[in-house]
$ cat coords.csv   # CSV, C-alpha atoms
chain,number,residue,atom,x,y,z
A,1,MET,CA,-18.8,-16.7,27.9
A,2,THR,CA,-20.7,-13.5,26.9
A,3,THR,CA,-21.2,-12.4,23.4
A,4,LEU,CA,-18.8,-9.5,23.9
A,5,GLU,CA,-16.1,-11.8,25.0
A,6,ALA,CA,-16.6,-14.1,22.0
A,7,ALA,CA,-16.7,-11.4,19.4
A,8,PRO,CA,-13.0,-10.9,18.9
A,9,ASP,CA,-12.6,-14.6,18.0
A,10,ARG,CA,-15.2,-14.2,15.2
A,11,SER,CA,-13.6,-11.1,13.6
A,12,VAL,CA,-11.4,-10.9,10.5
A,13,PRO,CA,-8.0,-9.3,11.4
A,14,ASP,CA,-7.0,-6.2,9.4
A,15,THR,CA,-3.4,-7.2,8.6
A,16,GLY,CA,-3.1,-4.0,6.5
A,17,ARG,CA,-3.2,-1.8,9.6
A,18,ARG,CA,-1.8,-3.9,12.5
A,19,ARG,CA,0.5,-6.8,13.1
A,20,ALA,CA,-0.9,-10.3,13.5
A,21,PRO,CA,1.3,-12.1,16.1
A,22,ALA,CA,0.1,-15.5,14.8
A,23,LEU,CA,1.3,-14.7,11.3
A,24,ASP,CA,4.7,-13.7,12.8
A,25,GLY,CA,4.8,-17.1,14.4
A,26,LEU,CA,4.0,-18.7,11.1
A,27,ARG,CA,6.8,-16.8,9.5
A,28,ALA,CA,9.2,-18.2,12.1
A,29,PHE,CA,7.9,-21.7,11.4
A,30,ALA,CA,8.6,-21.2,7.7
A,31,ALA,CA,12.1,-19.9,8.4
A,32,LEU,CA,12.9,-22.9,10.5
A,33,LEU,CA,11.7,-25.2,7.7
A,34,VAL,CA,14.1,-23.6,5.3
A,35,ILE,CA,17.0,-23.8,7.8
A,36,ALA,CA,16.2,-27.5,8.5
A,37,LEU,CA,16.1,-28.2,4.7
A,38,HIS,CA,19.5,-26.6,4.1
A,39,VAL,CA,21.1,-28.3,7.1
A,40,GLY,CA,19.6,-31.6,5.8
A,41,ILE,CA,21.3,-31.0,2.4
A,42,TYR,CA,24.6,-30.1,3.9
A,43,SER,CA,24.5,-33.0,6.3
A,44,GLY,CA,23.7,-35.5,3.5
A,45,GLN,CA,20.2,-36.3,4.8
A,46,VAL,CA,18.6,-34.7,1.8
A,47,ALA,CA,19.7,-35.5,-1.7
A,48,SER,CA,20.1,-32.5,-3.9
A,49,SER,CA,20.6,-32.8,-7.6
A,50,TRP,CA,21.0,-28.9,-7.7
A,51,LEU,CA,24.1,-29.0,-5.5
A,52,GLY,CA,25.2,-32.6,-6.2
A,53,VAL,CA,25.1,-33.4,-2.6
A,54,GLY,CA,24.5,-36.9,-1.1
A,55,GLU,CA,22.0,-39.6,-1.8
A,56,GLY,CA,19.8,-38.9,1.2
A,57,GLY,CA,19.7,-40.3,4.7
A,58,PRO,CA,16.9,-41.6,7.1
A,59,LEU,CA,15.7,-38.0,7.7
A,60,GLY,CA,15.4,-37.3,4.0
A,61,PRO,CA,11.8,-38.4,3.5
A,62,VAL,CA,10.7,-36.1,6.3
A,63,ILE,CA,12.6,-32.9,5.6
A,64,SER,CA,13.2,-33.1,1.8
A,65,ARG,CA,10.0,-31.1,1.1
A,66,PHE,CA,10.6,-28.4,3.7
A,67,THR,CA,11.1,-26.3,0.6
A,68,VAL,CA,7.4,-25.5,1.2
A,69,GLY,CA,8.7,-22.8,3.5
A,70,VAL,CA,9.3,-20.7,0.5
A,71,PRO,CA,5.7,-20.9,-0.8
A,72,ILE,CA,4.5,-20.0,2.7
A,73,PHE,CA,6.6,-16.9,2.6
A,74,PHE,CA,5.3,-16.0,-0.8
A,75,VAL,CA,1.6,-16.4,0.2
A,76,LEU,CA,2.2,-14.3,3.3
A,77,SER,CA,3.8,-11.6,1.2
A,78,GLY,CA,0.9,-11.5,-1.2
A,79,LEU,CA,-1.5,-11.3,1.7
A,80,LEU,CA,0.3,-8.6,3.8
A,81,LEU,CA,1.5,-6.4,1.0
A,82,TYR,CA,-1.8,-6.2,-1.0
A,83,ARG,CA,-4.1,-5.7,2.0
A,84,PRO,CA,-3.6,-1.9,2.2
A,85,TRP,CA,-4.6,-1.7,-1.5
A,86,ALA,CA,-7.6,-3.9,-0.9
A,87,ASN,CA,-8.6,-1.8,2.1
A,88,ALA,CA,-8.4,1.4,0.0
A,89,ALA,CA,-10.4,-0.1,-2.8
A,90,ARG,CA,-13.2,-1.4,-0.5
A,91,ALA,CA,-13.4,2.1,1.2
A,92,GLY,CA,-13.6,3.9,-2.2
A,93,LEU,CA,-10.2,5.6,-1.5
A,94,PRO,CA,-7.3,6.3,-3.9
A,95,ARG,CA,-4.6,3.7,-4.2
A,96,PRO,CA,-1.8,4.0,-1.6
A,97,SER,CA,1.3,5.8,-2.9
A,98,THR,CA,3.5,3.6,-5.0
A,99,ALA,CA,6.6,5.7,-4.3
A,100,ARG,CA,6.1,5.4,-0.6
A,101,TYR,CA,5.4,1.6,-0.9
A,102,LEU,CA,8.7,1.1,-2.9
A,103,TRP,CA,10.7,3.2,-0.4
A,104,HIS,CA,9.3,1.2,2.5
A,105,ARG,CA,10.1,-2.1,0.7
A,106,ALA,CA,13.7,-0.9,0.0
A,107,LEU,CA,14.3,0.1,3.6
A,108,ARG,CA,12.8,-3.2,4.8
A,109,ILE,CA,14.8,-5.5,2.5
A,110,LEU,CA,18.1,-3.9,1.3
A,111,PRO,CA,20.1,-2.7,4.4
A,112,ALA,CA,20.0,-6.1,6.2
A,113,TYR,CA,20.6,-8.0,3.0
A,114,TRP,CA,23.6,-5.8,2.1
A,115,ALA,CA,25.1,-6.4,5.5
A,116,VAL,CA,24.8,-10.2,5.2
A,117,ALA,CA,25.9,-10.3,1.5
A,118,LEU,CA,29.0,-8.2,2.4
A,119,ALA,CA,29.8,-10.5,5.3
A,120,ALA,CA,29.4,-13.6,3.0
A,121,LEU,CA,31.6,-12.1,0.3
A,122,LEU,CA,34.3,-11.1,2.7
A,123,TRP,CA,34.4,-14.6,4.2
A,124,PHE,CA,33.8,-16.8,1.2
A,125,GLY,CA,34.2,-14.8,-2.0
A,126,ARG,CA,36.5,-11.8,-1.9
A,127,ASP,CA,37.3,-12.3,-5.5
A,128,THR,CA,33.7,-11.3,-6.3
A,129,LEU,CA,34.3,-7.9,-4.6
A,130,THR,CA,37.1,-7.1,-6.9
A,131,GLU,CA,34.9,-7.4,-10.0
A,132,ALA,CA,32.4,-4.5,-10.5
A,133,TRP,CA,29.5,-6.4,-12.2
A,134,PRO,CA,29.5,-9.6,-10.1
A,135,ALA,CA,29.5,-7.5,-6.9
A,136,LEU,CA,26.9,-5.1,-8.2
A,137,ARG,CA,24.7,-7.9,-9.5
A,138,THR,CA,24.8,-9.5,-6.0
A,139,PHE,CA,24.0,-6.4,-4.1
A,140,LEU,CA,21.1,-5.5,-6.5
A,141,LEU,CA,19.6,-9.0,-6.2
A,142,LEU,CA,20.1,-9.6,-9.9
A,143,HIS,CA,22.1,-12.9,-9.4
A,144,ILE,CA,19.3,-15.1,-10.6
A,145,TYR,CA,19.3,-13.7,-14.1
A,146,GLN,CA,22.7,-15.1,-15.2
A,147,HIS,CA,24.2,-18.6,-15.1
A,148,ASP,CA,27.0,-17.7,-12.8
A,149,PRO,CA,26.5,-19.4,-9.4
A,150,ILE,CA,25.1,-17.3,-6.5
A,151,PRO,CA,27.9,-16.5,-4.1
A,152,THR,CA,28.7,-18.9,-1.3
A,153,GLY,CA,26.8,-18.1,1.9
A,154,ILE,CA,23.8,-16.6,0.3
A,155,PRO,CA,22.4,-19.2,-2.2
A,156,GLN,CA,19.0,-19.1,-0.5
A,157,THR,CA,18.6,-15.5,-1.6
A,158,TRP,CA,17.4,-16.6,-5.0
A,159,SER,CA,13.9,-16.5,-3.4
A,160,LEU,CA,14.6,-13.0,-2.1
A,161,ALA,CA,15.4,-11.9,-5.6
A,162,THR,CA,12.2,-13.5,-6.9
A,163,GLU,CA,10.3,-11.7,-4.1
A,164,VAL,CA,11.8,-8.4,-4.9
A,165,SER,CA,10.6,-8.8,-8.5
A,166,PHE,CA,7.1,-9.3,-7.0
A,167,TYR,CA,7.5,-6.1,-5.1
A,168,ALA,CA,8.1,-4.3,-8.4
A,169,VAL,CA,5.1,-5.9,-10.2
A,170,LEU,CA,2.6,-5.5,-7.3
A,171,PRO,CA,1.8,-1.8,-7.9
A,172,LEU,CA,0.9,-2.5,-11.5
A,173,LEU,CA,-1.3,-5.4,-10.6
A,174,ALA,CA,-2.9,-3.4,-7.8
A,175,TRP,CA,-3.6,-0.6,-10.3
A,176,GLY,CA,-5.5,-3.0,-12.5
A,177,LEU,CA,-7.4,-4.6,-9.7
A,178,HIS,CA,-8.3,-1.3,-7.9
A,179,PRO,CA,-11.3,-0.3,-10.0
A,180,LEU,CA,-12.7,-3.8,-10.0
A,181,LEU,CA,-12.6,-4.2,-6.3
A,182,ARG,CA,-13.8,-0.6,-5.7
A,183,ARG,CA,-17.0,-1.5,-7.6
A,184,GLY,CA,-17.3,-4.7,-5.5
A,185,ARG,CA,-16.5,-7.0,-8.4
A,186,THR,CA,-14.7,-9.6,-6.2
A,187,GLY,CA,-15.4,-12.4,-8.6
A,188,ALA,CA,-13.6,-10.5,-11.4
A,189,VAL,CA,-10.6,-9.8,-9.2
A,190,LEU,CA,-10.4,-13.5,-8.3
A,191,GLY,CA,-10.6,-14.3,-12.0
A,192,VAL,CA,-7.6,-12.1,-12.7
A,193,LEU,CA,-5.7,-13.9,-10.0
A,194,ALA,CA,-6.7,-17.2,-11.5
A,195,VAL,CA,-5.1,-16.0,-14.7
A,196,VAL,CA,-1.9,-15.3,-12.8
A,197,GLU,CA,-2.0,-18.9,-11.5
A,198,ALA,CA,-2.5,-20.1,-15.0
A,199,VAL,CA,0.7,-18.2,-16.0
A,200,THR,CA,2.6,-20.0,-13.3
A,201,LEU,CA,1.3,-23.4,-14.4
A,202,ALA,CA,2.3,-22.7,-18.0
A,203,THR,CA,5.8,-21.6,-16.8
A,204,VAL,CA,6.2,-24.7,-14.7
A,205,VAL,CA,5.4,-26.8,-17.8
A,206,ALA,CA,7.9,-24.7,-19.9
A,207,THR,CA,10.7,-25.0,-17.4
A,208,HIS,CA,10.3,-28.8,-16.9
A,209,THR,CA,10.1,-30.0,-20.4
A,210,ALA,CA,13.0,-32.1,-21.6
A,211,SER,CA,14.0,-29.5,-24.1
A,212,ALA,CA,14.5,-26.9,-21.3
A,213,GLY,CA,17.0,-29.1,-19.5
A,214,PRO,CA,17.5,-29.4,-15.8
A,215,TYR,CA,17.4,-26.1,-13.8
A,216,PRO,CA,16.9,-23.5,-16.5
A,217,LEU,CA,17.4,-19.9,-15.3
A,218,ALA,CA,13.7,-19.2,-15.7
A,219,GLN,CA,12.9,-21.7,-13.0
A,220,LEU,CA,14.0,-19.1,-10.4
A,221,TRP,CA,12.0,-16.2,-11.9
A,222,LEU,CA,8.8,-14.7,-10.7
A,223,PRO,CA,6.4,-16.4,-13.2
A,224,GLU,CA,7.3,-19.8,-11.7
A,225,TYR,CA,6.0,-18.6,-8.3
A,226,ALA,CA,3.5,-15.9,-9.1
A,227,GLY,CA,0.6,-18.2,-8.3
A,228,TYR,CA,1.7,-18.3,-4.6
A,229,PHE,CA,1.7,-14.5,-4.4
A,230,ALA,CA,-1.7,-14.5,-6.2
A,231,ALA,CA,-3.1,-16.8,-3.6
A,232,GLY,CA,-2.0,-14.4,-0.8
A,233,ILE,CA,-3.6,-11.5,-2.7
A,234,ALA,CA,-6.8,-13.6,-3.0
A,235,LEU,CA,-6.8,-14.1,0.8
A,236,ALA,CA,-6.4,-10.3,1.2
A,237,VAL,CA,-9.3,-9.7,-1.1
A,238,VAL,CA,-11.5,-12.1,0.8
A,239,ALA,CA,-10.4,-10.8,4.2
A,240,SER,CA,-11.0,-7.1,3.2
A,241,GLY,CA,-14.6,-7.9,2.2
A,242,LYS,CA,-15.7,-9.8,5.3
A,243,ARG,CA,-16.3,-9.0,8.9
A,244,ARG,CA,-16.8,-12.5,10.1
A,245,PRO,CA,-14.5,-15.5,9.2
A,246,PRO,CA,-15.7,-17.7,6.3
A,247,ALA,CA,-17.1,-21.1,7.5
A,248,LEU,CA,-14.0,-22.8,5.9
A,249,VAL,CA,-11.6,-21.4,8.5
A,250,ARG,CA,-13.7,-21.7,11.6
A,251,SER,CA,-12.0,-25.0,12.2
A,252,PRO,CA,-8.4,-24.0,12.1
A,253,TRP,CA,-7.0,-27.4,13.1
A,254,LEU,CA,-9.0,-28.9,10.2
A,255,CYS,CA,-7.3,-26.5,7.8
A,256,TRP,CA,-3.9,-27.5,9.2
A,257,GLY,CA,-4.9,-31.1,8.9
A,258,VAL,CA,-5.5,-30.5,5.2
A,259,ALA,CA,-2.0,-28.9,5.0
A,260,LEU,CA,-0.4,-31.9,6.7
A,261,ALA,CA,-2.2,-34.3,4.4
A,262,ALA,CA,-1.0,-32.3,1.4
A,263,TYR,CA,2.5,-32.3,2.8
A,264,ALA,CA,2.4,-36.1,3.2
A,265,LEU,CA,1.4,-36.4,-0.5
A,266,VAL,CA,4.1,-34.1,-1.7
A,267,SER,CA,6.7,-36.2,0.1
A,268,THR,CA,5.7,-39.3,-1.8
A,269,PRO,CA,7.0,-40.5,-5.3
A,270,LEU,CA,4.0,-38.6,-6.8
A,271,THR,CA,6.3,-35.5,-7.0
A,272,GLY,CA,9.5,-37.3,-7.8
A,273,THR,CA,12.7,-37.1,-5.8
A,274,THR,CA,15.1,-34.3,-4.8
A,275,ALA,CA,17.9,-36.5,-6.2
A,276,ARG,CA,16.9,-35.4,-9.8
A,277,TYR,CA,15.1,-32.6,-11.6
A,278,PRO,CA,11.3,-33.3,-11.7
A,279,THR,CA,9.3,-34.1,-14.8
A,280,VAL,CA,6.5,-31.8,-15.9
A,281,THR,CA,3.8,-34.0,-14.2
A,282,GLU,CA,5.8,-34.2,-11.0
A,283,ALA,CA,6.5,-30.4,-11.0
A,284,LEU,CA,2.8,-29.6,-11.5
A,285,ARG,CA,1.8,-31.9,-8.6
A,286,GLU,CA,4.4,-30.4,-6.4
A,287,HIS,CA,3.2,-26.9,-7.2
A,288,ALA,CA,-0.4,-27.8,-6.5
A,289,LEU,CA,0.3,-29.5,-3.2
A,290,TYR,CA,2.6,-26.7,-2.0
A,291,LEU,CA,-0.2,-24.3,-2.8
A,292,VAL,CA,-2.6,-26.3,-0.7
A,293,VAL,CA,-0.2,-26.5,2.2
A,294,ALA,CA,0.6,-22.8,2.2
A,295,VAL,CA,-3.0,-21.6,1.8
A,296,ALA,CA,-4.3,-24.1,4.4
A,297,LEU,CA,-1.7,-22.9,6.9
A,298,VAL,CA,-2.2,-19.1,6.2
A,299,ALA,CA,-5.9,-18.9,5.7
A,300,PRO,CA,-7.2,-19.6,9.2
A,301,LEU,CA,-4.7,-17.0,10.6
A,302,ALA,CA,-5.5,-14.4,7.9
A,303,LEU,CA,-9.3,-14.7,8.0
A,304,SER,CA,-9.9,-15.2,11.7
A,305,ASP,CA,-8.8,-13.3,14.8
A,306,SER,CA,-9.3,-16.4,17.0
A,307,ALA,CA,-6.8,-17.1,19.7
A,308,ASN,CA,-7.6,-20.8,19.6
A,309,GLY,CA,-6.1,-23.5,17.5
A,310,PRO,CA,-2.7,-23.0,15.9
A,311,ALA,CA,-2.9,-19.3,16.6
A,312,ALA,CA,-2.7,-20.0,20.3
A,313,VAL,CA,0.7,-21.5,19.8
A,314,LEU,CA,2.1,-19.2,17.1
A,315,ARG,CA,1.2,-16.0,18.9
A,316,ARG,CA,3.1,-16.9,22.0
A,317,PRO,CA,6.0,-14.6,22.8
A,318,LEU,CA,8.9,-16.9,21.5
A,319,PRO,CA,7.3,-17.8,18.1
A,320,ALA,CA,6.1,-14.2,17.6
A,321,TRP,CA,9.6,-12.8,18.4
A,322,LEU,CA,11.3,-15.3,16.2
A,323,GLY,CA,8.9,-14.2,13.4
A,324,ARG,CA,9.9,-10.6,13.9
A,325,VAL,CA,13.6,-11.5,13.4
A,326,SER,CA,12.8,-14.2,10.8
A,327,TYR,CA,14.3,-12.1,8.0
A,328,GLY,CA,17.7,-12.3,9.7
A,329,LEU,CA,17.2,-16.1,10.2
A,330,PHE,CA,16.6,-16.4,6.5
A,331,LEU,CA,19.6,-14.2,5.6
A,332,TRP,CA,22.2,-15.5,8.0
A,333,HIS,CA,21.7,-19.3,8.2
A,334,MET,CA,23.7,-20.3,5.2
A,335,VAL,CA,26.6,-18.1,6.3
A,336,VAL,CA,26.6,-20.1,9.6
A,337,VAL,CA,26.3,-23.4,7.8
A,338,GLU,CA,29.2,-22.7,5.4
A,339,GLY,CA,31.3,-21.1,8.2
A,340,TRP,CA,30.8,-24.1,10.4
A,341,LEU,CA,31.9,-26.5,7.7
A,342,ARG,CA,35.0,-24.4,7.1
A,343,VAL,CA,35.9,-24.1,10.8
A,344,THR,CA,35.4,-27.8,11.4
A,345,GLY,CA,37.1,-28.9,8.1
A,346,GLN,CA,34.0,-30.7,6.9
A,347,ARG,CA,32.6,-30.8,3.4
A,348,ALA,CA,29.0,-30.4,2.2
A,349,GLY,CA,27.1,-33.6,2.6
A,350,THR,CA,29.1,-35.1,5.5
A,351,ALA,CA,28.1,-33.0,8.6
A,352,ASP,CA,26.1,-34.5,11.5
A,353,PHE,CA,22.6,-33.1,11.2
A,354,TRP,CA,22.0,-33.4,15.0
A,355,VAL,CA,25.0,-31.2,15.6
A,356,LEU,CA,24.7,-28.8,12.7
A,357,PHE,CA,21.0,-28.0,13.1
A,358,PRO,CA,21.1,-26.8,16.7
A,359,VAL,CA,24.4,-24.9,16.1
A,360,THR,CA,22.9,-23.2,13.1
A,361,VAL,CA,19.6,-22.3,14.8
A,362,VAL,CA,21.4,-20.9,17.9
A,363,LEU,CA,24.1,-18.9,16.0
A,364,THR,CA,21.7,-17.7,13.4
A,365,THR,CA,19.2,-16.5,16.0
A,366,VAL,CA,21.9,-14.5,17.7
A,367,LEU,CA,23.0,-12.9,14.4
A,368,ALA,CA,19.4,-12.3,13.4
A,369,ALA,CA,18.7,-10.6,16.7
A,370,LEU,CA,21.7,-8.3,16.3
A,371,THR,CA,20.8,-7.5,12.8
A,372,HIS,CA,17.2,-6.7,13.8
A,373,HIS,CA,18.3,-4.3,16.5
A,374,LEU,CA,21.3,-2.8,14.7
A,375,VAL,CA,20.0,-2.6,11.2
A,376,GLU,CA,16.3,-3.4,10.8
A,377,LEU,CA,14.9,-1.3,13.7
A,378,PRO,CA,17.0,1.8,12.8
A,379,THR,CA,15.9,1.7,9.2
A,380,ARG,CA,12.3,1.2,10.3
A,381,ARG,CA,12.6,4.3,12.5
A,382,LEU,CA,14.0,6.2,9.4
A,383,ARG,CA,10.8,5.1,7.6
A,384,THR,CA,8.6,6.4,10.4
A,385,ARG,CA,10.5,9.7,10.6
A,386,SER,CA,10.2,10.2,6.9
A,387,ALA,CA,6.4,9.6,7.1
A,388,ALA,CA,6.1,12.0,10.0
A,389,THR,CA,8.0,14.7,8.1
A,390,ARG,CA,5.9,14.2,5.0
A,391,GLU,CA,2.7,14.5,7.1
A,392,ARG,CA,3.9,17.7,8.7
A,393,THR,CA,4.8,19.1,5.2
A,394,GLU,CA,1.4,18.2,3.7
A,395,THR,CA,-0.7,19.5,6.6
A,396,PRO,CA,-1.8,23.1,6.0
$ encode --input "coords.csv" --output "C-alpha cells"
Amino acid sequence: MTTLEAAPDRSVPDTGRRRAPALDGLRAFAALLVIALHVGIYSGQVASSWLGVGEGGPLGPVISRFTVGVPIFFVLSGLLLYRPWANAARAGLPRPSTARYLWHRALRILPAYWAVALAALLWFGRDTLTEAWPALRTFLLLHIYQHDPIPTGIPQTWSLATEVSFYAVLPLLAWGLHPLLRRGRTGAVLGVLAVVEAVTLATVVATHTASAGPYPLAQLWLPEYAGYFAAGIALAVVASGKRRPPALVRSPWLCWGVALAAYALVSTPLTGTTARYPTVTEALREHALYLVVAVALVAPLALSDSANGPAAVLRRPLPAWLGRVSYGLFLWHMVVVEGWLRVTGQRAGTADFWVLFPVTVVLTTVLAALTHHLVELPTRRLRTRSAATRERTETP
C-alpha cells in the first residue's frame, strides 16, 4: 500500500464539518442498548427499583447495565456540538453564532419530540392534555423538575430534558473556553473540564447520601451527568489540535476491549444492583466505569479516520442508516412497548423478552424512519433554507 493510500487512515476526522458514518453507527448501537434495557425491564429480566418491576431474570446480569447507552449519547453530544467552537478557536476566528446554534438545536430536537409526545399523550394520557401546565411542562421538556411522573410512553425522555439543558449551557462554557483555546492553552481548557467532572462527582455524592433518599429529583439534572458531556468536549479539544491520531487510539480494538472490561466490572456487585438505589460508593464506581466505557468506545472513532477495527462495522450502510434515524428509535420505543402491553393485555414485568424485543425494534424502526422523512428532514431543509437566506442577505 502506498503512503497516499494509507494517509486517510492516519488523519483525525473533522466532525465539526462533516458527518462521520462510524459515529452514526455508534449512535445506533447506543439506541439499541437503551431499547434492550427497557424491554428487559418490562419483560421482568431486569429488576428496577425505580419502576418497581420484577426481581430480574437470567438475562438481567447481561443487560441491566445497558444504561451505559445514555453516557455514550452524552459523550457524543459533547464531542459533536463543541467541535465547531473548537475549530473556530484553533483558527483564531470568532465564536459561532449562539442564536444560530440554538435555532438549529430547536429544529433538530423539538418537532420530532412534539410529534411523539403528542402521540403518547393521546394514547396513554389524555387527561394530561386537558391541564395546561402538565401539558406545557411535557412539551417544553420541563418534566424532570417536578415530582409528578413523566407521562406514560415517554419516560426515557428524562435524558432528553437533561441534554437540552446542556444545549443551553454549552454556549456559556464555550465562551469561557474560547480565549484559552485560541491562545493554545489546551491544558487550561482540560483543567476547566476536569472541574466540570468534579462537579458531577460532588453531585453524585449529594444525590446518593442517605439523607437525600432514593431517586431525588436532582439525580436527573445536568450536574449529575455533566462529566460525560465534558469528556466529549475534551475529545473535541484534542481532535481539533491534532492532524494525526494519538497513539492511544491507533489500536481501536484495544480501546473497545478496555470498554468491554469496564462494562464487565460495572455489571458486578461493585456497583450494586438495579433492584435498589445505589449507595454513594456504588454510584461513584458506576459513574467512573460508565465514563471509561463511553470514552473508550467514542475516542478511536473521534480521533481517527481509520476504516479498520470497529469503524469498519459501524460505518456500513445499515448501522450508519440506523444511526441517522436513531433519534426516532429513542423517542418511539417506549410508545411501542407500552402499546404492545396494552394490545396484548400484559402488564409490565411479565412480557416475553424474545417476543417483545424484536417487535419493539421492528415497529420502532418503521416509526423512526417515517418520523425521519416526514418531520426531521423537512425541518433540516428549513434550517438549510434559513442559512441560505441569511447568507444572501449578508452578502454585499
$ closest_residue --input "coords.csv" --among "A:Leu32, A:Leu363, A:Val196, A:Val46" --to "Ala231 in chain A" --atoms "all atoms listed in the file"
A:Val196
$ closest_residue --input "coords.csv" --among "A:Ile144, A:Ala247, A:Ala283, A:Leu173" --to "Thr207 in chain A" --atoms "all atoms listed in the file"
A:Ala283
$ atom_distance --input "coords.csv" --atom1 "CA of Arg19 in chain A" --atom2 "CA of Gly241 in chain A"
18.7 Å
$ closest_residue --input "coords.csv" --among "A:Arg182, A:Leu284, A:Thr130, A:Leu235" --to "Ala206 in chain A" --atoms "only C-alpha atoms"
A:Leu284
$ closest_residue --input "coords.csv" --among "A:Pro149, A:Pro111, A:Pro21, A:Gly69" --to "His38 in chain A" --atoms "only C-alpha atoms"
A:Gly69
$ closest_residue --input "coords.csv" --among "A:Pro171, A:Gly328, A:Pro223, A:Pro278" --to "Ala99 in chain A" --atoms "all atoms listed in the file"
A:Pro171
$ atom_distance --input "coords.csv" --atom1 "CA of Cys255 in chain A" --atom2 "CA of Pro319 in chain A"
19.9 Å
$ closest_residue --input "coords.csv" --among "A:His143, A:Arg108, A:Arg27, A:His373" --to "Leu301 in chain A" --atoms "only C-alpha atoms"
A:Arg27
$ atom_distance --input "coords.csv" --atom1 "CA of Leu314 in chain A" --atom2 "CA of Leu23 in chain A"
7.4 Å
$ residues_around --input "coords.csv" --residues "Val237 in chain A" --least-positions-apart "6" --cutoff "8 Å" --atoms "all atoms listed in the file" --output "MDAnalysis selection string"
chainID A and resid 83 86 186
$ residues_around --input "coords.csv" --residues "Trp158 in chain A" --least-positions-apart "5" --cutoff "9 Å" --atoms "only C-alpha atoms" --output "list in words"
Leu141, Leu142, His143, Ile144, Ile150, Glu163, Leu220 and Trp221 of chain A
$ write_last_selection --input "coords.csv" --atoms "C-alpha atoms" --output "PDB file, keeping the file's coordinate frame"
ATOM      1  CA  LEU A 141      19.600  -9.000  -6.200  1.00  0.00           C
ATOM      2  CA  LEU A 142      20.100  -9.600  -9.900  1.00  0.00           C
ATOM      3  CA  HIS A 143      22.100 -12.900  -9.400  1.00  0.00           C
ATOM      4  CA  ILE A 144      19.300 -15.100 -10.600  1.00  0.00           C
ATOM      5  CA  ILE A 150      25.100 -17.300  -6.500  1.00  0.00           C
ATOM      6  CA  GLU A 163      10.300 -11.700  -4.100  1.00  0.00           C
ATOM      7  CA  LEU A 220      14.000 -19.100 -10.400  1.00  0.00           C
ATOM      8  CA  TRP A 221      12.000 -16.200 -11.900  1.00  0.00           C
TER       9      TRP A 221
END
$ residues_near_point --input "coords.csv" --point "(-4.7, -16.6, -4.4)" --cutoff "8 Å" --atoms "only C-alpha atoms" --output "compact mmCIF listing (two decimals) with C-alpha atoms, in the frame of the given file"
# COMPACT_ATOMS: atom_id res chain seq x y z
CA VAL A 75 1.60 -16.40 0.20
CA LEU A 190 -10.40 -13.50 -8.30
CA LEU A 193 -5.70 -13.90 -10.00
CA ALA A 194 -6.70 -17.20 -11.50
CA GLU A 197 -2.00 -18.90 -11.50
CA GLY A 227 0.60 -18.20 -8.30
CA TYR A 228 1.70 -18.30 -4.60
CA PHE A 229 1.70 -14.50 -4.40
CA ALA A 230 -1.70 -14.50 -6.20
CA ALA A 231 -3.10 -16.80 -3.60
CA GLY A 232 -2.00 -14.40 -0.80
CA ILE A 233 -3.60 -11.50 -2.70
CA ALA A 234 -6.80 -13.60 -3.00
CA LEU A 235 -6.80 -14.10 0.80
